[in-house]
>>> print(open('final_32.txt').read())   # compact mmCIF, C-alpha atoms and all ligand atoms
# COMPACT_ATOMS: atom_id res chain seq x y z
CA MET A 1 0.00 0.00 0.00
CA LYS A 2 1.00 3.65 -0.34
CA ALA A 3 1.97 5.58 2.78
CA MET A 4 3.78 8.77 3.74
CA VAL A 5 6.66 7.55 5.92
CA LEU A 6 8.55 9.82 8.31
CA GLU A 7 12.13 8.50 8.23
CA GLY A 8 13.88 11.24 10.21
CA ILE A 9 13.45 14.92 11.02
CA GLU A 10 11.72 16.49 7.96
CA ASN A 11 12.61 13.37 5.98
CA TYR A 12 9.15 12.50 4.72
CA ASN A 13 8.55 10.18 1.76
CA LEU A 14 5.69 8.61 -0.16
CA ARG A 15 6.50 4.90 -0.54
CA GLU A 16 5.11 1.39 -0.83
CA VAL A 17 4.91 -0.42 2.52
CA PRO A 18 3.30 -3.73 3.56
CA LYS A 19 -0.42 -3.51 4.29
CA PRO A 20 -0.87 -3.78 8.12
CA GLU A 21 -2.39 -6.96 9.54
CA CYS A 22 -5.70 -7.04 11.38
CA GLN A 23 -5.20 -8.14 15.01
CA PRO A 24 -7.64 -10.59 16.71
CA HIS A 25 -9.14 -7.72 18.79
CA GLY A 26 -8.72 -5.16 16.02
CA ALA A 27 -10.08 -3.93 12.71
CA LEU A 28 -8.47 -3.14 9.38
CA LEU A 29 -9.73 0.09 7.81
CA LYS A 30 -9.45 1.46 4.31
CA VAL A 31 -8.61 5.08 5.09
CA MET A 32 -11.01 7.57 3.48
CA ALA A 33 -9.88 10.80 5.15
CA ASN A 34 -7.23 11.98 7.59
CA GLY A 35 -6.86 15.52 8.93
CA ILE A 36 -3.49 17.28 8.88
CA CYS A 37 -2.95 18.43 12.46
CA ARG A 38 -0.41 20.71 14.09
CA SER A 39 0.80 17.77 16.18
CA ASP A 40 1.79 15.96 12.94
CA TRP A 41 3.72 19.10 12.04
CA HIS A 42 5.47 18.97 15.47
CA LYS A 43 6.49 15.34 14.83
CA TRP A 44 7.67 16.17 11.29
CA HIS A 45 9.93 18.84 12.86
CA GLY A 46 11.13 16.36 15.51
CA HIS A 47 9.79 18.46 18.41
CA TYR A 48 8.73 15.27 20.18
CA SER A 49 8.14 11.56 19.48
CA LYS A 50 11.34 10.89 17.52
CA LYS A 51 10.47 7.34 16.52
CA TYR A 52 11.41 6.35 12.95
CA PRO A 53 10.23 5.10 10.56
CA MET A 54 6.70 6.22 11.46
CA ILE A 55 3.46 6.65 9.55
CA LEU A 56 1.87 9.78 11.06
CA GLY A 57 -1.82 10.68 11.05
CA HIS A 58 -4.27 10.44 13.97
CA GLU A 59 -7.46 12.08 12.57
CA ILE A 60 -8.66 8.98 10.76
CA VAL A 61 -11.96 8.06 9.15
CA GLY A 62 -12.39 4.91 7.08
CA ILE A 63 -14.41 1.93 5.99
CA VAL A 64 -13.99 -1.36 7.85
CA GLU A 65 -12.43 -3.93 5.52
CA GLU A 66 -11.80 -6.75 7.98
CA VAL A 67 -12.38 -7.42 11.69
CA GLY A 68 -10.55 -9.73 14.09
CA GLU A 69 -12.28 -12.76 15.62
CA LEU A 70 -12.72 -10.97 18.99
CA THR A 71 -14.26 -7.80 17.52
CA THR A 72 -18.05 -7.78 17.96
CA ARG A 73 -19.30 -4.20 17.44
CA PHE A 74 -18.18 -3.71 13.82
CA LYS A 75 -18.37 -5.49 10.48
CA PRO A 76 -16.86 -4.98 7.02
CA GLY A 77 -18.46 -2.03 5.23
CA ASP A 78 -19.06 0.06 8.37
CA ARG A 79 -18.15 3.75 8.08
CA VAL A 80 -16.10 4.54 11.18
CA LEU A 81 -14.16 7.29 12.93
CA VAL A 82 -11.01 6.60 14.97
CA PRO A 83 -10.95 8.86 18.06
CA VAL A 84 -7.43 10.15 18.71
CA SER A 85 -7.66 8.96 22.33
CA GLY A 86 -6.89 5.27 21.80
CA SER A 87 -6.88 3.00 24.85
CA ASP A 88 -6.61 -0.68 25.82
CA GLY A 89 -9.16 -0.79 28.66
CA THR A 90 -6.83 -2.33 31.25
CA CYS A 91 -5.42 0.58 33.27
CA ASP A 92 -6.99 2.46 36.20
CA MET A 93 -7.77 5.51 34.03
CA CYS A 94 -9.63 3.36 31.48
CA LYS A 95 -11.57 1.61 34.23
CA ALA A 96 -12.59 5.02 35.65
CA GLY A 97 -13.90 6.13 32.23
CA HIS A 98 -10.93 8.31 31.30
CA GLY A 99 -9.65 6.36 28.29
CA ASN A 100 -8.09 9.56 26.90
CA LEU A 101 -5.60 9.34 29.80
CA CYS A 102 -4.83 5.64 29.18
CA GLU A 103 -1.33 4.45 30.11
CA SER A 104 -1.08 2.39 26.90
CA TYR A 105 -0.91 5.54 24.74
CA LEU A 106 -2.53 3.75 21.80
CA VAL A 107 -2.69 6.95 19.75
CA PRO A 108 -2.64 6.39 15.97
CA GLY A 109 0.50 7.81 14.37
CA ILE A 110 2.38 7.49 17.70
CA GLY A 111 1.48 4.19 19.37
CA TYR A 112 0.85 2.43 16.03
CA ALA A 113 1.04 3.23 12.30
CA GLY A 114 -1.34 6.08 11.50
CA GLY A 115 -3.64 7.30 8.76
CA PHE A 116 -1.43 8.92 6.13
CA ALA A 117 -1.68 5.56 4.35
CA GLU A 118 -4.19 3.54 2.37
CA TYR A 119 -4.93 1.20 5.32
CA VAL A 120 -4.75 1.32 9.12
CA ALA A 121 -4.96 -1.57 11.60
CA VAL A 122 -6.76 -0.27 14.69
CA PRO A 123 -6.15 -2.24 17.93
CA TYR A 124 -8.97 -3.02 20.43
CA ALA A 125 -11.49 -1.96 17.80
CA ASP A 126 -14.59 -2.38 19.97
CA ARG A 127 -13.39 0.43 22.24
CA ASN A 128 -11.39 2.49 19.74
CA LEU A 129 -13.87 3.05 16.89
CA GLU A 130 -17.16 4.91 16.59
CA LEU A 131 -19.73 4.55 13.81
CA LEU A 132 -19.91 7.65 11.63
CA PRO A 133 -23.54 8.75 11.05
CA ASP A 134 -24.59 8.37 7.39
CA ASN A 135 -25.06 12.11 6.87
CA VAL A 136 -21.64 13.05 8.28
CA SER A 137 -18.98 13.05 5.58
CA PHE A 138 -15.59 11.36 5.91
CA GLU A 139 -13.91 14.79 5.88
CA GLU A 140 -16.16 16.06 8.69
CA GLY A 141 -15.37 12.92 10.68
CA ALA A 142 -11.66 13.71 10.36
CA ILE A 143 -12.31 17.16 11.88
CA LEU A 144 -14.15 15.60 14.83
CA SER A 145 -11.71 12.85 15.78
CA CYS A 146 -9.04 15.08 17.34
CA ARG A 147 -9.40 18.84 17.04
CA TYR A 148 -13.15 19.20 17.43
CA ILE A 149 -13.41 16.77 20.34
CA THR A 150 -10.61 18.70 22.09
CA GLY A 151 -12.51 22.00 21.97
CA PHE A 152 -15.89 20.36 22.60
CA ASN A 153 -14.89 18.20 25.56
CA GLY A 154 -12.83 20.99 27.12
CA VAL A 155 -15.69 23.48 27.00
CA VAL A 156 -18.49 21.04 27.93
CA ASP A 157 -16.96 18.58 30.38
CA ILE A 158 -13.85 20.24 31.80
CA ALA A 159 -14.63 24.01 31.94
CA LYS A 160 -18.39 23.28 32.22
CA VAL A 161 -19.40 26.52 30.50
CA LYS A 162 -22.87 27.75 31.52
CA ILE A 163 -25.48 29.79 29.65
CA GLY A 164 -24.76 33.51 29.89
CA GLU A 165 -21.10 33.13 30.81
CA TRP A 166 -18.39 35.02 28.98
CA VAL A 167 -15.80 32.90 27.19
CA ALA A 168 -12.63 34.15 25.47
CA VAL A 169 -10.95 31.77 23.01
CA TYR A 170 -7.34 32.52 22.16
CA GLY A 171 -6.39 31.01 18.78
CA CYS A 172 -8.76 30.23 15.92
CA GLY A 173 -7.30 27.04 14.44
CA GLY A 174 -9.28 23.79 14.47
CA VAL A 175 -9.33 23.46 18.28
CA GLY A 176 -10.14 27.15 18.86
CA LEU A 177 -12.95 27.17 16.29
CA ALA A 178 -14.44 24.04 17.87
CA ALA A 179 -14.33 25.73 21.31
CA ILE A 180 -15.98 28.86 19.88
CA GLN A 181 -18.81 26.94 18.22
CA THR A 182 -19.41 24.74 21.26
CA ALA A 183 -19.44 27.67 23.72
CA HIS A 184 -21.79 29.58 21.40
CA ALA A 185 -24.11 26.55 21.19
CA MET A 186 -24.13 26.38 25.01
CA GLY A 187 -25.40 29.94 25.25
CA ALA A 188 -22.19 31.73 26.22
CA PHE A 189 -20.99 35.13 24.98
CA VAL A 190 -17.87 34.34 22.97
CA ILE A 191 -14.85 36.55 22.29
CA ALA A 192 -12.33 35.20 19.75
CA VAL A 193 -8.69 36.32 19.71
CA ALA A 194 -6.34 35.69 16.78
CA ARG A 195 -3.65 37.43 14.76
CA LYS A 196 -4.95 36.86 11.22
CA GLN A 197 -8.06 38.60 9.88
CA SER A 198 -9.03 35.48 7.90
CA SER A 199 -9.05 33.46 11.17
CA LEU A 200 -11.21 36.09 12.86
CA ASP A 201 -13.66 36.05 9.93
CA MET A 202 -13.92 32.31 10.35
CA ALA A 203 -14.42 32.70 14.13
CA LYS A 204 -17.42 34.97 13.43
CA LYS A 205 -18.87 32.35 11.09
CA MET A 206 -18.54 29.77 13.89
CA GLY A 207 -20.43 31.92 16.40
CA ALA A 208 -18.03 34.43 17.99
CA ASP A 209 -19.89 37.54 19.24
CA TYR A 210 -16.73 39.67 19.34
CA VAL A 211 -13.36 39.29 17.62
CA ILE A 212 -10.06 40.82 18.70
CA SER A 213 -7.00 41.15 16.50
CA ALA A 214 -3.99 40.38 18.69
CA ARG A 215 -1.88 42.15 16.07
CA GLU A 216 -3.64 45.47 16.57
CA CYS A 217 -4.21 45.69 20.33
CA ASP A 218 -3.57 44.13 23.73
CA PRO A 219 -6.24 41.43 23.88
CA VAL A 220 -6.36 41.45 27.70
CA GLU A 221 -7.18 45.19 27.76
CA LYS A 222 -9.72 44.77 25.00
CA ILE A 223 -11.43 41.88 26.83
CA LYS A 224 -11.66 44.00 29.99
CA GLU A 225 -13.16 46.81 27.91
CA ILE A 226 -15.79 44.53 26.31
CA THR A 227 -16.75 43.05 29.71
CA ASN A 228 -16.91 46.44 31.51
CA GLY A 229 -13.69 45.77 33.39
CA ARG A 230 -14.80 42.40 34.74
CA GLY A 231 -12.97 39.86 32.56
CA VAL A 232 -14.26 36.51 31.29
CA ASP A 233 -15.54 33.48 33.17
CA VAL A 234 -13.57 31.10 30.98
CA ALA A 235 -10.43 31.75 28.89
CA VAL A 236 -9.48 28.99 26.45
CA GLU A 237 -5.84 28.61 25.37
CA SER A 238 -5.83 26.59 22.14
CA LEU A 239 -2.37 27.47 20.81
CA GLY A 240 0.22 26.02 23.19
CA ASN A 241 2.01 29.36 23.51
CA LYS A 242 3.33 30.18 27.00
CA GLN A 243 2.85 33.94 26.57
CA VAL A 244 -0.75 33.35 25.51
CA VAL A 245 -1.27 31.17 28.61
CA VAL A 246 -0.47 34.22 30.74
CA GLN A 247 -2.75 36.45 28.63
CA CYS A 248 -5.56 33.94 29.14
CA PHE A 249 -4.97 33.97 32.88
CA ASN A 250 -4.96 37.78 32.99
CA SER A 251 -8.26 37.86 31.05
CA LEU A 252 -10.18 36.10 33.82
CA ALA A 253 -12.86 37.55 36.08
CA LYS A 254 -12.92 36.49 39.74
CA MET A 255 -13.69 32.75 40.01
CA GLY A 256 -12.72 32.40 36.34
CA ARG A 257 -11.35 29.20 34.78
CA LEU A 258 -8.36 28.97 32.45
CA LEU A 259 -8.93 26.03 30.10
CA GLN A 260 -5.57 24.90 28.73
CA LEU A 261 -5.95 22.89 25.50
CA GLY A 262 -2.69 23.74 23.73
CA VAL A 263 0.49 21.79 24.45
CA THR A 264 3.69 23.84 24.81
CA GLN A 265 7.27 22.64 24.32
CA ASP A 266 8.56 19.86 26.57
CA GLY A 267 10.77 20.93 29.50
CA PRO A 268 11.29 24.31 31.20
CA GLU A 269 11.10 26.24 27.89
CA GLY A 270 7.42 25.34 27.78
CA ASP A 271 6.63 26.61 31.29
CA ALA A 272 4.38 29.64 31.70
CA SER A 273 4.80 32.20 34.47
CA ILE A 274 1.44 32.48 36.26
CA PRO A 275 0.87 35.29 38.82
CA ILE A 276 0.01 33.51 42.06
CA ASN A 277 -1.65 36.22 44.18
CA PRO A 278 -4.51 36.89 41.73
CA LEU A 279 -4.97 33.11 41.56
CA VAL A 280 -5.56 33.01 45.32
CA GLN A 281 -7.34 36.33 45.71
CA GLY A 282 -9.72 35.67 42.81
CA GLU A 283 -10.20 31.95 43.50
CA LEU A 284 -9.21 31.26 39.89
CA GLN A 285 -8.82 27.76 38.46
CA ILE A 286 -6.42 26.35 35.88
CA LEU A 287 -7.81 23.30 34.08
CA GLY A 288 -5.96 21.01 31.67
CA SER A 289 -7.86 18.95 29.11
CA LEU A 290 -6.60 16.30 26.69
CA SER A 291 -8.81 15.43 23.67
CA GLY A 292 -11.72 13.49 25.21
CA PRO A 293 -12.72 9.99 26.24
CA ILE A 294 -14.54 7.90 23.64
CA GLN A 295 -17.92 8.36 25.37
CA SER A 296 -17.76 12.10 24.56
CA PHE A 297 -18.13 11.22 20.87
CA LYS A 298 -21.70 10.00 21.26
CA PRO A 299 -23.25 13.42 22.03
CA LEU A 300 -20.87 15.15 19.62
CA LEU A 301 -21.75 12.88 16.68
CA GLU A 302 -25.47 13.19 17.46
CA LEU A 303 -25.26 17.00 17.51
CA VAL A 304 -23.39 17.10 14.20
CA ALA A 305 -25.70 14.55 12.56
CA ALA A 306 -28.77 16.53 13.71
CA GLY A 307 -27.35 19.75 12.25
CA LYS A 308 -27.08 21.45 15.66
CA LEU A 309 -23.33 21.91 15.18
CA ASP A 310 -22.47 22.78 11.58
CA ILE A 311 -18.78 22.02 11.28
CA LYS A 312 -18.62 22.23 7.46
CA PRO A 313 -17.17 25.78 7.39
CA MET A 314 -14.08 24.49 9.23
CA LEU A 315 -13.06 22.34 6.24
CA THR A 316 -11.06 24.69 4.03
CA GLU A 317 -9.10 22.35 1.72
CA THR A 318 -8.61 18.74 0.73
CA VAL A 319 -5.30 17.35 -0.53
CA ALA A 320 -3.66 14.11 -1.69
CA LEU A 321 -1.16 12.03 0.31
CA SER A 322 1.85 13.41 -1.59
CA GLN A 323 0.82 16.99 -0.67
CA VAL A 324 0.86 16.53 3.11
CA GLU A 325 4.43 17.79 3.47
CA ASP A 326 3.54 20.94 1.50
CA VAL A 327 0.88 21.64 4.12
CA PHE A 328 3.50 21.26 6.91
CA LYS A 329 5.69 23.81 5.09
CA ARG A 330 2.73 26.18 4.89
CA MET A 331 2.14 25.70 8.63
CA ASP A 332 5.71 26.98 9.16
CA LYS A 333 4.58 30.29 7.66
CA GLY A 334 1.16 30.34 9.32
CA ASP A 335 -0.36 30.02 5.87
CA THR A 336 -3.23 27.62 6.66
CA LEU A 337 -6.81 28.22 7.76
CA GLY A 338 -9.34 25.99 9.52
CA VAL A 339 -8.80 22.29 8.89
CA ILE A 340 -7.10 20.71 5.87
CA VAL A 341 -7.92 17.06 5.23
CA CYS A 342 -6.13 14.46 3.10
CA ASN A 343 -8.76 12.46 1.23
CA ASP A 344 -6.93 11.16 -1.85
CA PHE A 345 -4.66 8.20 -1.15
CA THR A 346 -3.93 7.28 -4.78
CA HIS A 347 -0.81 9.47 -5.13
ZN ZN B 401 -4.91 16.21 15.73
ZN ZN B 402 -5.96 2.39 29.82
>>> encode(input="final_32.txt", output="structure tokens")
Amino acid sequence: MKAMVLEGIENYNLREVPKPECQPHGALLKVMANGICRSDWHKWHGHYSKKYPMILGHEIVGIVEEVGELTTRFKPGDRVLVPVSGSDGTCDMCKAGHGNLCESYLVPGIGYAGGFAEYVAVPYADRNLELLPDNVSFEEGAILSCRYITGFNGVVDIAKVKIGEWVAVYGCGGVGLAAIQTAHAMGAFVIAVARKQSSLDMAKKMGADYVISARECDPVEKIKEITNGRGVDVAVESLGNKQVVVQCFNSLAKMGRLLQLGVTQDGPEGDASIPINPLVQGELQILGSLSGPIQSFKPLLELVAAGKLDIKPMLTETVALSQVEDVFKRMDKGDTLGVIVCNDFTH
């Protein structure tokens, strides 16, 4: 089969590799779509997970081609989505319902060969696949599997946004846009912060009530101005930028929650400097959130299938397998918008 194989830092090649084998508890999928995520870009640059050769890609949607003898929930022909939060069901976190924090780290493209390939063998398929509703396209499924669930689960289950609250979302990439749309759907007032005008335009389309250009003003001051000096109840950091973490913190009203979705660099370079006295004196909270457990996909897929969350505007481009590296190079320059999905695996 054809696959894009990462063979070293920025050494990325389209080549023929053996088709993966279906495990007894697994499923073999023909890949139909796979989103190109910033975390793939990080791995391409060698920022973390230096394991070679590796087939990247963790935003996978496909059609089941074969199932193992122990797999009971799926059959050949099923349209399925692979949630990024793969798990094996054996550890304490899995048993407590937090499969996204599983010790096994069965994440496609890291723990096993991922979706920038014609086929993927998914382990423990009964717990690591979800059926894709008929009226949700493969490309939309790719948006949901990692970036949308991250914004959705963070806003709904971790920050627990309430109707009438004020939410500021810093960063309007896939995760930020998902957080904006989800918070809007939950009845919050949403302020989007980004540097590019095209990202802010998109944020408006996804439900932002106010947009702030971080290029033109201090977003913290502007947020205070919009909220009559009070600040926001929830500030969402979707970028993984330590300066932005501090801006998010400084945007909070008393009893506000900082929802950290972005991952910064490993080690001390990634640490943010948080002012401690306002944390205590305002009873502020800092909440981390990692993608979402598989059970979060049920409400999300139902909302998208029912048309209550229209994620189509987030899909800006589709590309072929051989063009994935070009997208990484464009990410270097900040020259991408929304979500770009690979959906042509023939070349
Ligand atoms: Zn992703
Ligand atoms: Zn586990």
>>> closest_residue(input="final_32.txt", among="A:Thr182, A:Thr150, A:Ser213, A:Gln281", to="A:Glu237", atoms="only C-alpha atoms")
A:Thr150
>>> residues_around(input="final_32.txt", residues="A:Val17", least_positions_apart="2", cutoff="9 Å", atoms="all atoms listed in the file", output="list in words")
Met1, Lys2, Ala3, Val5, Arg15, Lys19 and Pro20 of chain A
>>> write_last_selection(input="final_32.txt", atoms="C-alpha atoms", output="compact mmCIF listing (two decimals), in the coordinates of the input")
# COMPACT_ATOMS: atom_id res chain seq x y z
CA MET A 1 0.00 0.00 0.00
CA LYS A 2 1.00 3.65 -0.34
CA ALA A 3 1.97 5.58 2.78
CA VAL A 5 6.66 7.55 5.92
CA ARG A 15 6.50 4.90 -0.54
CA LYS A 19 -0.42 -3.51 4.29
CA PRO A 20 -0.87 -3.78 8.12
>>> closest_residue(input="final_32.txt", among="A:Leu144, A:Cys248, A:Val211, A:Leu290", to="A:Ala178", atoms="only C-alpha atoms")
A:Leu144
>>> residues_near_ligand(input="final_32.txt", ligand="ligand ZN 402 (chain B)", cutoff="8 Å", atoms="only C-alpha atoms and all ligand atoms", output="list in words")
Ser87, Asp88, Gly89, Thr90, Cys91, Asp92, Met93, Cys94, Lys95, His98, Gly99, Leu101, Cys102, Glu103, Ser104 and Tyr105 of chain A
>>> closest_residue(input="final_32.txt", among="A:Asp335, A:Glu65, A:Glu325, A:Asp209", to="A:Trp41", atoms="all atoms listed in the file")
A:Glu325
>>> residues_near_ligand(input="final_32.txt", ligand="ligand ZN 401 (chain B)", cutoff="8 Å", atoms="all atoms listed in the file", output="PDB file with C-alpha atoms, in the frame of the given file")
ATOM      1  CA  GLY A  35      -6.860  15.520   8.930  1.00  0.00           C
ATOM      2  CA  ILE A  36      -3.490  17.280   8.880  1.00  0.00           C
ATOM      3  CA  CYS A  37      -2.950  18.430  12.460  1.00  0.00           C
ATOM      4  CA  ARG A  38      -0.410  20.710  14.090  1.00  0.00           C
ATOM      5  CA  SER A  39       0.800  17.770  16.180  1.00  0.00           C
ATOM      6  CA  ASP A  40       1.790  15.960  12.940  1.00  0.00           C
ATOM      7  CA  GLY A  57      -1.820  10.680  11.050  1.00  0.00           C
ATOM      8  CA  HIS A  58      -4.270  10.440  13.970  1.00  0.00           C
ATOM      9  CA  GLU A  59      -7.460  12.080  12.570  1.00  0.00           C
ATOM     10  CA  VAL A  84      -7.430  10.150  18.710  1.00  0.00           C
ATOM     11  CA  SER A 145     -11.710  12.850  15.780  1.00  0.00           C
ATOM     12  CA  CYS A 146      -9.040  15.080  17.340  1.00  0.00           C
ATOM     13  CA  ARG A 147      -9.400  18.840  17.040  1.00  0.00           C
TER      14      ARG A 147
END
>>> decode(input="final_32.txt", residues="stretch 295-332 of chain A", atoms="C-alpha atoms", output="mmCIF file, in the first residue's frame")
data_model
loop_
_atom_site.group_PDB
_atom_site.id
_atom_site.type_symbol
_atom_site.label_atom_id
_atom_site.label_comp_id
_atom_site.auth_asym_id
_atom_site.auth_seq_id
_atom_site.Cartn_x
_atom_site.Cartn_y
_atom_site.Cartn_z
ATOM 1 C CA GLN A 295 -17.915 8.365 25.369
ATOM 2 C CA SER A 296 -17.755 12.104 24.555
ATOM 3 C CA PHE A 297 -18.133 11.225 20.867
ATOM 4 C CA LYS A 298 -21.698 9.996 21.259
ATOM 5 C CA PRO A 299 -23.252 13.421 22.031
ATOM 6 C CA LEU A 300 -20.871 15.151 19.622
ATOM 7 C CA LEU A 301 -21.751 12.878 16.683
ATOM 8 C CA GLU A 302 -25.472 13.195 17.459
ATOM 9 C CA LEU A 303 -25.256 17.000 17.514
ATOM 10 C CA VAL A 304 -23.387 17.102 14.202
ATOM 11 C CA ALA A 305 -25.698 14.545 12.557
ATOM 12 C CA ALA A 306 -28.767 16.531 13.714
ATOM 13 C CA GLY A 307 -27.346 19.747 12.252
ATOM 14 C CA LYS A 308 -27.081 21.452 15.655
ATOM 15 C CA LEU A 309 -23.333 21.909 15.180
ATOM 16 C CA ASP A 310 -22.470 22.784 11.582
ATOM 17 C CA ILE A 311 -18.779 22.025 11.280
ATOM 18 C CA LYS A 312 -18.619 22.226 7.456
ATOM 19 C CA PRO A 313 -17.172 25.782 7.393
ATOM 20 C CA MET A 314 -14.081 24.488 9.229
ATOM 21 C CA LEU A 315 -13.058 22.336 6.243
ATOM 22 C CA THR A 316 -11.060 24.692 4.027
ATOM 23 C CA GLU A 317 -9.099 22.349 1.716
ATOM 24 C CA THR A 318 -8.608 18.738 0.730
ATOM 25 C CA VAL A 319 -5.298 17.354 -0.526
ATOM 26 C CA ALA A 320 -3.659 14.113 -1.688
ATOM 27 C CA LEU A 321 -1.160 12.034 0.305
ATOM 28 C CA SER A 322 1.847 13.408 -1.593
ATOM 29 C CA GLN A 323 0.825 16.989 -0.672
ATOM 30 C CA VAL A 324 0.856 16.532 3.113
ATOM 31 C CA GLU A 325 4.433 17.794 3.467
ATOM 32 C CA ASP A 326 3.542 20.944 1.496
ATOM 33 C CA VAL A 327 0.876 21.645 4.116
ATOM 34 C CA PHE A 328 3.497 21.265 6.907
ATOM 35 C CA LYS A 329 5.692 23.813 5.094
ATOM 36 C CA ARG A 330 2.735 26.183 4.887
ATOM 37 C CA MET A 331 2.139 25.704 8.634
ATOM 38 C CA ASP A 332 5.711 26.980 9.163
#
